[in-house]
Amino acid sequence: MRAASTTRGAPPRLEPPGMRAGIVFGALILLFAGLGGRALYLQWIDNEFLQGQGQARYSRDIEMPAHRGRILDRHGEALAISTPVKSLWAFPDRLEMTPVQLTELARVLETSRAALERRIAAAEDFVYIAKQVPPEVAERALALRIKGLHEETTYGRYYPAGEIAAHVVGFTGTKDAGQEGIELAQQAWLGGHVGSRRVIINRRGEVVEDVASIRAPQAGRDLALSIDSRLQHLAFRELKAAIDAHRAKAGGLVVLDVATGEILALANYPTFNPNRRDGKVAPERMRNRALTDVFEPGSTMKPFTAAAALEAGTVRPDTMIATAPGSLTISGRTIRDAHPVGTLTFEQVIQKSSNVGTAKVALGLPAERMWRTLSDAGFGAVPRTGFPGEVSGRLRPATSGRPIEPA
């Protein structure tokens with residue numbers, strides 16, 4: 001019987017327990033050293049990132065609106081004032097609402113759901129859901145109980161004279177900046193500078209504490225105009241009556257103080273109501289025709305012609321001027337009197353507004369003198385009222401064109 005035999009290999013080489021513990025301990029030391037170095041780097045060298053991330057979770061900067069200056073007439077009557085209104089705002093990342101709430105909010109704000117979604121999606125840290133809405137509209141919006149939707153009191157522009165002085169004062173946009181008229185021309189004077197404040201919010205996005213005022217808002221300054229509100233009302237009333245009576249498409253009326261040149265009233269028709277901000281006003285109703293359009297001066301030229309002739313000594317009030325047969329052809333153009341009356345004194349020529357008589361007086365003056373009289377009076381120059389879009393008149397130089405010869 002053969003005895004079984006077994007073979008055994010060399011016994012395994014075992015590491016001493018102290019060496020394994022040293023390796024583990026060394027690895028732990030390296031790990032803690034790396035963590036400590038990283039913590040030291042973040043706390044002392046690159047700490048702005050962590051601070052910014054921390055503040056972003058509880059701190060926000062909110063805009064503080066500035067009060068816009070008033071526009072007053074020459075007697076201190078208000079033509080434009082700022083009144084408290086409500087604005088709805090939110091932090092987009094804290095805004096939570098159901099599709100039904102979104103649809104209802106769009107209906108309350110009289111906008112489309114798509115437009116509201118685009119406004120929220122385009123914002124980063126802060127968004128105005130609606131600006132300058134009436135308090136009752138803000139109440140209906142907040143009644144929807146949308147998480148993260150807040151309100152604040154801002155200022156909206158109100159125009160007591162409405163359409164009567166619309167072309168004078170103009171109006172502001174949704175950001176309370178001037179868009180037309182004096183509001184635009186004097187934006188730097190009337191417009192204030194918005195401020196900002198830092199607040200702390202809770203996890204629901206609600207403001208729980210004011211931390212600091214970063215920049216205090218600066219209110220705009222009041223501006224007094226030469227306009228007289230009483231004359232402005234009268235001018236508008238008479239202009240509208242004349243347009244209705246003559247079935248005209250449009251008209252303008254300007255009342256000046258002849259001693260100072262101040263504009264006491266400036267009215268246009270058709271007009272618009274600057275208190276309406278729905279954007280449905282036709283552009284032609286907003287045009288300040290009295291300053292942006294060029295008109296032939298017509299019979300207003302006659303007093304200037306008379307003044308030039310009297311100063312030159314070519315006529316006297318009792319000088320006789322033949323106006324028969326009531327027409328006069330000059331360089332191929334014929335002018336006529338509406339009511340031919342024959343021979344008139346120079347005084348009567350002005351009283352009866354005779355076109356023929358005035359033209360004969362003008363022809364008796366040197367062209368350069370007539371041009372100088374009209375130029376000195378402001379014809380051909382920009383009015384320099386400061387209104388946006390104002391245009392200059394047209395006055396042809398005395399030496400241009402062909403000679404004017406009566407037929």
# chains A, B, ... in the order shown; residues from 1 in each chain; ligands from 1
>>> select_by_dssp(residues="segment 92-154 of chain A", states="alpha helix (DSSP H)", output="number ranges by chain")
A: 99-108, 113-122, 135-142
>>> write_last_selection(atoms="N, CA, C and O atoms", output="short mmCIF file (atom, residue, chain, number, x, y, z; two decimals), in the first residue's frame")
data_model
loop_
_atom_site.label_atom_id
_atom_site.label_comp_id
_atom_site.auth_asym_id
_atom_site.auth_seq_id
_atom_site.Cartn_x
_atom_site.Cartn_y
_atom_site.Cartn_z
N PRO A 99 -50.15 76.48 -13.30
CA PRO A 99 -50.61 77.01 -14.58
C PRO A 99 -51.90 77.82 -14.47
O PRO A 99 -52.08 78.81 -15.17
N VAL A 100 -52.77 77.40 -13.57
CA VAL A 100 -54.02 78.14 -13.38
C VAL A 100 -53.73 79.53 -12.80
O VAL A 100 -54.30 80.54 -13.23
N GLN A 101 -52.85 79.59 -11.81
CA GLN A 101 -52.49 80.88 -11.22
C GLN A 101 -51.81 81.79 -12.25
O GLN A 101 -52.05 82.99 -12.27
N LEU A 102 -50.96 81.22 -13.10
CA LEU A 102 -50.30 82.00 -14.15
C LEU A 102 -51.32 82.59 -15.11
O LEU A 102 -51.23 83.77 -15.49
N THR A 103 -52.30 81.80 -15.49
CA THR A 103 -53.35 82.28 -16.41
C THR A 103 -54.17 83.39 -15.75
O THR A 103 -54.47 84.41 -16.38
N GLU A 104 -54.51 83.20 -14.48
CA GLU A 104 -55.30 84.21 -13.77
C GLU A 104 -54.50 85.50 -13.57
O GLU A 104 -55.04 86.60 -13.68
N LEU A 105 -53.21 85.37 -13.29
CA LEU A 105 -52.37 86.56 -13.11
C LEU A 105 -52.29 87.34 -14.41
O LEU A 105 -52.36 88.58 -14.40
N ALA A 106 -52.14 86.66 -15.53
CA ALA A 106 -52.10 87.34 -16.83
C ALA A 106 -53.42 88.06 -17.09
O ALA A 106 -53.44 89.18 -17.63
N ARG A 107 -54.53 87.45 -16.70
CA ARG A 107 -55.84 88.08 -16.91
C ARG A 107 -55.99 89.33 -16.03
O ARG A 107 -56.46 90.37 -16.51
N VAL A 108 -55.54 89.26 -14.78
CA VAL A 108 -55.63 90.41 -13.88
C VAL A 108 -54.78 91.57 -14.40
O VAL A 108 -55.19 92.73 -14.34
N ARG A 113 -50.56 85.23 -21.29
CA ARG A 113 -49.76 84.30 -20.49
C ARG A 113 -48.37 84.13 -21.09
O ARG A 113 -47.38 84.07 -20.34
N ALA A 114 -48.28 84.08 -22.41
CA ALA A 114 -46.98 83.93 -23.06
C ALA A 114 -46.07 85.11 -22.76
O ALA A 114 -44.87 84.94 -22.51
N ALA A 115 -46.61 86.34 -22.81
CA ALA A 115 -45.80 87.52 -22.54
C ALA A 115 -45.30 87.51 -21.09
O ALA A 115 -44.15 87.90 -20.82
N LEU A 116 -46.13 87.05 -20.17
CA LEU A 116 -45.74 86.99 -18.77
C LEU A 116 -44.64 85.94 -18.56
O LEU A 116 -43.68 86.17 -17.82
N GLU A 117 -44.75 84.82 -19.24
CA GLU A 117 -43.73 83.78 -19.13
C GLU A 117 -42.39 84.26 -19.69
O GLU A 117 -41.33 83.97 -19.13
N ARG A 118 -42.44 84.99 -20.81
CA ARG A 118 -41.20 85.50 -21.40
C ARG A 118 -40.51 86.49 -20.48
O ARG A 118 -39.28 86.51 -20.35
N ARG A 119 -41.30 87.34 -19.81
CA ARG A 119 -40.73 88.34 -18.91
C ARG A 119 -40.02 87.67 -17.74
O ARG A 119 -38.92 88.07 -17.34
N ILE A 120 -40.63 86.62 -17.18
CA ILE A 120 -40.04 85.92 -16.05
C ILE A 120 -38.80 85.14 -16.48
O ILE A 120 -37.77 85.13 -15.80
N ALA A 121 -38.88 84.49 -17.64
CA ALA A 121 -37.76 83.68 -18.12
C ALA A 121 -36.55 84.53 -18.48
O ALA A 121 -35.40 84.07 -18.35
N ALA A 122 -36.77 85.76 -18.93
CA ALA A 122 -35.66 86.63 -19.34
C ALA A 122 -34.92 87.23 -18.15
O ALA A 122 -33.80 87.73 -18.30
N PRO A 135 -53.66 100.35 -7.26
CA PRO A 135 -53.66 99.51 -6.05
C PRO A 135 -54.67 98.37 -6.10
O PRO A 135 -54.39 97.27 -5.61
N GLU A 136 -55.84 98.61 -6.70
CA GLU A 136 -56.85 97.55 -6.75
C GLU A 136 -56.41 96.39 -7.62
O GLU A 136 -56.75 95.23 -7.36
N VAL A 137 -55.64 96.67 -8.67
CA VAL A 137 -55.11 95.59 -9.52
C VAL A 137 -54.09 94.77 -8.75
O VAL A 137 -54.06 93.54 -8.82
N ALA A 138 -53.22 95.45 -8.01
CA ALA A 138 -52.23 94.75 -7.19
C ALA A 138 -52.91 93.86 -6.15
O ALA A 138 -52.46 92.74 -5.88
N GLU A 139 -54.00 94.34 -5.57
CA GLU A 139 -54.72 93.54 -4.57
C GLU A 139 -55.28 92.27 -5.19
O GLU A 139 -55.21 91.19 -4.59
N ARG A 140 -55.84 92.38 -6.41
CA ARG A 140 -56.39 91.19 -7.06
C ARG A 140 -55.29 90.20 -7.41
O ARG A 140 -55.47 88.98 -7.33
N ALA A 141 -54.10 90.72 -7.79
CA ALA A 141 -52.98 89.82 -8.10
C ALA A 141 -52.49 89.09 -6.85
O ALA A 141 -52.23 87.88 -6.88
N LEU A 142 -52.36 89.81 -5.74
CA LEU A 142 -51.89 89.19 -4.50
C LEU A 142 -52.92 88.23 -3.93
O LEU A 142 -52.57 87.29 -3.21
#
>>> closest_residue(among="A:Pro84, A:Pro274, A:Gly22, A:Gly313", to="Val361 of chain A", atoms="only C-alpha atoms")
A:Gly313
>>> residues_around(residues="Ala250 of chain A", least_positions_apart="4", cutoff="7 Å", atoms="only C-alpha atoms", output="PyMOL selection string")
chain A and resi 243+269-270
>>> write_last_selection(atoms="N, CA, C and O atoms", output="PDB file, in the first residue's frame")
ATOM      1  N   ILE A 243     -62.094 124.160 -35.384  1.00  0.00           N
ATOM      2  CA  ILE A 243     -61.872 122.980 -36.225  1.00  0.00           C
ATOM      3  C   ILE A 243     -63.205 122.293 -36.544  1.00  0.00           C
ATOM      4  O   ILE A 243     -63.456 121.870 -37.678  1.00  0.00           O
ATOM      5  N   TYR A 269     -54.894 120.136 -31.980  1.00  0.00           N
ATOM      6  CA  TYR A 269     -56.029 119.221 -32.131  1.00  0.00           C
ATOM      7  C   TYR A 269     -55.921 118.544 -33.485  1.00  0.00           C
ATOM      8  O   TYR A 269     -55.611 119.227 -34.462  1.00  0.00           O
ATOM      9  N   PRO A 270     -56.092 117.211 -33.570  1.00  0.00           N
ATOM     10  CA  PRO A 270     -56.506 116.288 -32.506  1.00  0.00           C
ATOM     11  C   PRO A 270     -55.427 116.102 -31.441  1.00  0.00           C
ATOM     12  O   PRO A 270     -54.260 116.413 -31.658  1.00  0.00           O
TER      13      PRO A 270
END
>>> residues_around(residues="Gly252 of chain A", least_positions_apart="2", cutoff="10 Å", atoms="only C-alpha atoms", output="ChimeraX atom specification")
/A:235-236,239-240,243,250,254,266-270,288-291,293
>>> select_by_dssp(residues="segment 137-313 of chain A", states="strand (DSSP E or B)", output="PyMOL selection string")
chain A and resi 147+150-158+171-172+178-180+193+195-201+207-215+218+223-224+251-256+263-269
>>> write_last_selection(atoms="N, CA and C atoms", output="short mmCIF file (atom, residue, chain, number, x, y, z; two decimals), in the first residue's frame")
data_model
loop_
_atom_site.label_atom_id
_atom_site.label_comp_id
_atom_site.auth_asym_id
_atom_site.auth_seq_id
_atom_site.Cartn_x
_atom_site.Cartn_y
_atom_site.Cartn_z
N LYS A 147 -46.87 82.12 -4.41
CA LYS A 147 -45.67 82.15 -3.57
C LYS A 147 -44.55 82.90 -4.30
N HIS A 150 -44.51 89.66 -4.72
CA HIS A 150 -44.53 90.72 -3.72
C HIS A 150 -44.96 92.04 -4.37
N GLU A 151 -45.29 93.01 -3.53
CA GLU A 151 -45.66 94.34 -4.03
C GLU A 151 -44.78 95.39 -3.37
N GLU A 152 -44.65 96.51 -4.05
CA GLU A 152 -43.98 97.67 -3.47
C GLU A 152 -44.65 98.93 -4.00
N THR A 153 -44.55 99.99 -3.25
CA THR A 153 -45.13 101.26 -3.66
C THR A 153 -44.12 102.05 -4.48
N THR A 154 -44.51 102.42 -5.70
CA THR A 154 -43.67 103.25 -6.56
C THR A 154 -44.47 104.50 -6.92
N TYR A 155 -44.03 105.21 -7.96
CA TYR A 155 -44.71 106.44 -8.35
C TYR A 155 -45.09 106.38 -9.82
N GLY A 156 -46.32 106.79 -10.10
CA GLY A 156 -46.81 106.89 -11.47
C GLY A 156 -47.15 108.32 -11.80
N ARG A 157 -47.05 108.68 -13.06
CA ARG A 157 -47.28 110.06 -13.49
C ARG A 157 -48.76 110.29 -13.76
N TYR A 158 -49.25 111.44 -13.28
CA TYR A 158 -50.65 111.82 -13.51
C TYR A 158 -50.67 113.25 -14.04
N PHE A 171 -45.45 113.01 -21.89
CA PHE A 171 -45.77 111.91 -20.99
C PHE A 171 -44.51 111.10 -20.72
N THR A 172 -44.58 110.21 -19.73
CA THR A 172 -43.47 109.34 -19.38
C THR A 172 -43.80 107.90 -19.75
N GLY A 178 -39.11 110.48 -19.37
CA GLY A 178 -39.85 111.27 -20.34
C GLY A 178 -39.79 110.69 -21.75
N GLN A 179 -40.94 110.70 -22.42
CA GLN A 179 -41.05 110.18 -23.79
C GLN A 179 -41.37 111.27 -24.80
N GLU A 180 -42.10 112.29 -24.39
CA GLU A 180 -42.48 113.37 -25.29
C GLU A 180 -42.58 114.68 -24.50
N HIS A 193 -32.94 110.06 -9.39
CA HIS A 193 -32.03 108.93 -9.52
C HIS A 193 -32.47 107.84 -8.54
N GLY A 195 -32.59 104.62 -6.14
CA GLY A 195 -31.68 104.10 -5.14
C GLY A 195 -31.81 102.59 -5.05
N SER A 196 -31.13 101.99 -4.09
CA SER A 196 -31.24 100.55 -3.89
C SER A 196 -31.02 100.23 -2.42
N ARG A 197 -31.60 99.13 -1.99
CA ARG A 197 -31.45 98.69 -0.61
C ARG A 197 -31.20 97.18 -0.59
N ARG A 198 -30.49 96.72 0.44
CA ARG A 198 -30.18 95.30 0.58
C ARG A 198 -31.08 94.71 1.66
N VAL A 199 -31.69 93.58 1.32
CA VAL A 199 -32.63 92.95 2.25
C VAL A 199 -32.24 91.49 2.46
N ILE A 200 -32.76 90.93 3.55
CA ILE A 200 -32.59 89.51 3.85
C ILE A 200 -33.93 88.82 3.59
N ILE A 201 -33.87 87.68 2.90
CA ILE A 201 -35.09 86.95 2.59
C ILE A 201 -35.04 85.59 3.28
N VAL A 207 -39.23 89.01 2.20
CA VAL A 207 -38.31 89.94 2.85
C VAL A 207 -38.60 89.95 4.35
N VAL A 208 -37.57 89.65 5.13
CA VAL A 208 -37.75 89.60 6.58
C VAL A 208 -36.98 90.71 7.29
N GLU A 209 -36.02 91.34 6.59
CA GLU A 209 -35.24 92.38 7.27
C GLU A 209 -34.54 93.27 6.25
N ASP A 210 -34.53 94.58 6.52
CA ASP A 210 -33.73 95.51 5.74
C ASP A 210 -32.34 95.56 6.33
N VAL A 211 -31.32 95.30 5.52
CA VAL A 211 -29.96 95.29 6.02
C VAL A 211 -29.34 96.68 5.94
N ALA A 212 -29.39 97.28 4.74
CA ALA A 212 -28.74 98.58 4.58
C ALA A 212 -29.25 99.26 3.33
N SER A 213 -29.14 100.56 3.32
CA SER A 213 -29.45 101.36 2.13
C SER A 213 -28.15 101.55 1.35
N ILE A 214 -28.07 100.91 0.20
CA ILE A 214 -26.84 100.99 -0.60
C ILE A 214 -26.71 102.37 -1.23
N ARG A 215 -27.79 102.84 -1.80
CA ARG A 215 -27.78 104.15 -2.45
C ARG A 215 -29.14 104.81 -2.26
N GLN A 218 -32.66 109.89 -5.15
CA GLN A 218 -32.66 111.35 -5.24
C GLN A 218 -33.88 111.80 -6.03
N LEU A 223 -40.46 121.96 -11.98
CA LEU A 223 -40.20 122.83 -13.12
C LEU A 223 -41.44 123.68 -13.39
N ALA A 224 -41.26 124.99 -13.38
CA ALA A 224 -42.35 125.93 -13.65
C ALA A 224 -42.27 126.40 -15.10
N GLY A 251 -55.34 121.33 -36.34
CA GLY A 251 -55.00 122.75 -36.16
C GLY A 251 -54.12 122.94 -34.94
N GLY A 252 -53.52 124.10 -34.87
CA GLY A 252 -52.68 124.44 -33.73
C GLY A 252 -52.89 125.90 -33.36
N LEU A 253 -52.65 126.23 -32.10
CA LEU A 253 -52.85 127.59 -31.63
C LEU A 253 -51.78 127.90 -30.58
N VAL A 254 -51.11 129.04 -30.76
CA VAL A 254 -50.07 129.47 -29.82
C VAL A 254 -50.38 130.89 -29.37
N VAL A 255 -50.35 131.11 -28.06
CA VAL A 255 -50.57 132.44 -27.48
C VAL A 255 -49.26 132.91 -26.87
N LEU A 256 -48.76 134.06 -27.32
CA LEU A 256 -47.49 134.61 -26.84
C LEU A 256 -47.70 135.91 -26.08
N ILE A 263 -44.41 131.80 -24.05
CA ILE A 263 -45.57 131.06 -24.55
C ILE A 263 -46.56 130.91 -23.40
N LEU A 264 -47.72 131.50 -23.57
CA LEU A 264 -48.75 131.44 -22.53
C LEU A 264 -49.70 130.27 -22.74
N ALA A 265 -49.85 129.83 -23.98
CA ALA A 265 -50.71 128.68 -24.28
C ALA A 265 -50.24 128.07 -25.59
N LEU A 266 -50.30 126.76 -25.66
CA LEU A 266 -49.95 126.05 -26.88
C LEU A 266 -50.87 124.84 -26.97
N ALA A 267 -51.77 124.88 -27.95
CA ALA A 267 -52.78 123.83 -28.08
C ALA A 267 -52.74 123.22 -29.47
N ASN A 268 -53.02 121.93 -29.53
CA ASN A 268 -53.11 121.20 -30.79
C ASN A 268 -54.36 120.35 -30.79
N TYR A 269 -54.89 120.14 -31.98
CA TYR A 269 -56.03 119.22 -32.13
C TYR A 269 -55.92 118.54 -33.48
#
>>> closest_residue(among="A:Gly26, A:Gly162, A:Gly342, A:Gly192", to="Gln232 of chain A", atoms="only C-alpha atoms")
A:Gly162
